[in-house]
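Structure data (PDB, C-alpha atoms) from my_file_9.pdb:
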```pdb
ATOM      1  CA  MET A  18       3.370 -15.906 -90.102
ATOM      2  CA  GLY A  19       6.203 -16.551 -92.540
ATOM      3  CA  ILE A  20       7.919 -14.144 -94.866
ATOM      4  CA  ARG A  21       6.719 -14.547 -98.450
ATOM      5  CA  LEU A  22       9.508 -13.769-100.889
ATOM      6  CA  ILE A  23       9.674 -16.234-103.740
ATOM      7  CA  ARG A  24       7.113 -16.665-106.501
ATOM      8  CA  CYS A  25       6.564 -20.086-108.054
ATOM      9  CA  LYS A  26       7.946 -20.171-111.586
ATOM     10  CA  HIS A  27       5.141 -22.522-112.649
ATOM     11  CA  CYS A  28       1.981 -20.846-111.279
ATOM     12  CA  ASN A  29       3.275 -17.448-109.979
ATOM     13  CA  HIS A  30       1.953 -18.142-106.453
ATOM     14  CA  VAL A  31       3.894 -16.384-103.649
ATOM     15  CA  ASN A  32       5.464 -18.935-101.272
ATOM     16  CA  LYS A  33       6.934 -18.746 -97.780
ATOM     17  CA  PHE A  34      10.706 -18.621 -97.396
ATOM     18  CA  GLY A  35      12.086 -22.119 -96.867
ATOM     19  CA  ALA A  36       9.236 -23.998 -98.551
ATOM     20  CA  ARG A  37      10.449 -26.930-100.632
ATOM     21  CA  THR A  38       7.301 -27.068-102.758
ATOM     22  CA  CYS A  39       4.731 -24.538-103.917
ATOM     23  CA  SER A  40       1.710 -24.503-101.604
ATOM     24  CA  TYR A  41      -0.609 -24.071-104.602
ATOM     25  CA  CYS A  42       0.660 -26.369-107.392
ATOM     26  CA  PHE A  43       3.021 -28.539-105.254
ATOM     27  CA  LYS A  44       5.921 -28.268-107.709
ATOM     28  CA  PRO A  45       9.475 -27.808-106.327
ATOM     29  CA  THR A  46      10.521 -24.244-105.519
ATOM     30  CA  SER A  47      13.740 -22.553-106.589
ATOM     31  CA  PHE A  48      16.936 -23.408-104.675
ATOM     32  CA  LEU A  49      17.120 -19.706-103.704
ATOM     33  CA  ASN A  50      14.088 -20.309-101.493
ATOM     34  CA  ARG A  51      15.836 -23.009 -99.454
ATOM     35  CA  ILE A  52      17.421 -22.135 -96.105
ATOM     36  CA  LEU A  53      20.307 -24.574 -96.631
ATOM     37  CA  PHE A  54      21.442 -22.647 -99.743
ATOM     38  CA  TRP A  55      21.828 -19.410 -97.746
ATOM     39  CA  VAL A  56      23.601 -21.182 -94.854
ATOM     40  CA  ILE A  57      26.135 -22.768 -97.221
ATOM     41  CA  LEU A  58      26.639 -19.426 -98.992
ATOM     42  CA  ALA A  59      27.242 -17.599 -95.685
ATOM     43  CA  VAL A  60      29.703 -20.244 -94.442
ATOM     44  CA  GLY A  61      31.538 -20.204 -97.782
ATOM     45  CA  LEU A  62      31.849 -16.419 -97.776
ATOM     46  CA  GLY A  63      33.000 -16.503 -94.163
ATOM     47  CA  MET A  64      35.717 -18.995 -95.052
ATOM     48  CA  VAL A  65      36.892 -16.849 -97.973
ATOM     49  CA  VAL A  66      37.137 -13.777 -95.739
ATOM     50  CA  TYR A  67      38.881 -15.754 -92.997
ATOM     51  CA  LEU A  68      41.422 -17.294 -95.378
ATOM     52  CA  ASN A  69      42.170 -13.965 -97.070
ATOM     53  CA  THR A  70      42.682 -12.043 -93.828
ATOM     54  CA  ASP A  71      46.205 -11.739 -92.488
ATOM     55  CA  TRP A  72      45.565 -12.982 -88.920
ATOM     56  CA  MET A  73      49.134 -13.926 -88.027
ATOM     57  CA  GLY A  74      50.839 -10.780 -89.315
ATOM     58  CA  ARG A  75      52.886 -12.650 -91.889
TER      59      ARG A  75
END
```
Translate this structure into structure tokens?
Amino acid sequence: MGIRLIRCKHCNHVNKFGARTCSYCFKPTSFLNRILFWVILAVGLGMVVYLNTDWMGR
């Protein structure tokens, strides 16, 4: 059973997280519903924190 978070902007059907297309009208879902978007966002934020932290005591 998947988590249903995102509504289709075309037909208002509730879709599972990670679905590339709506399971009702088969149109593409929002990029916010894609797992890859959240992975890239997390890695990017991690890099920003890492680069802005004074690890070497300079």
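For the atom pair formed by atom CA of A:Ser47 and atom CA of A:Cys25, the distance is 7.7 Å, given to one decimal.
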Which is closer to A:Arg51 than all the others in A:Ile23, A:Ala36, A:Val66, A:Val31, using all atoms listed in the file?
-> A:Ala36
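Atom to atom, atom CA of A:Leu62 and atom CA of A:Asn32 stand 26.7 Å apart.
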Enumerate, as a list of chain:residue names, the protein, DNA and RNA residues whose atoms approach (13.7, -23.7, -101.9) to within 10 Å, taking into account all atoms listed in the file and the coordinate frame of the file.
->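 Returned residue set, sorted by chain then number, is A:Ile23, A:Asn32, A:Lys33, A:Phe34, A:Gly35, A:Ala36, A:Arg37, A:Thr38, A:Cys39, A:Pro45, A:Thr46, A:Ser47, A:Phe48, A:Leu49, A:Asn50, A:Arg51, A:Ile52, A:Leu53, A:Phe54.
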Within 9 Å of A:Cys28, counting all atoms listed in the file, which residues show up once you throw out same-chain ones fewer than 4 positions away? Write them as an MDAnalysis selection string, please.
-> chainID A and resid 24 39 41:42
Take every atom of stretch 26-31 of chain A listed in the file, pad by 6 Å on each side, and give me the axis-aligned box centre and edge lengths in Å, one decimal, as lines of an AutoDock Vina configuration file.
```
center_x = 4.9
center_y = -19.5
center_z = -108.1
size_x = 18.0
size_y = 18.1
size_z = 21.0
```
What is the atom CA of A:Leu22 to atom CA of A:Ser40 distance in Å?
->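 Separating atom CA of A:Leu22 from atom CA of A:Ser40 is a distance of 13.3 Å.
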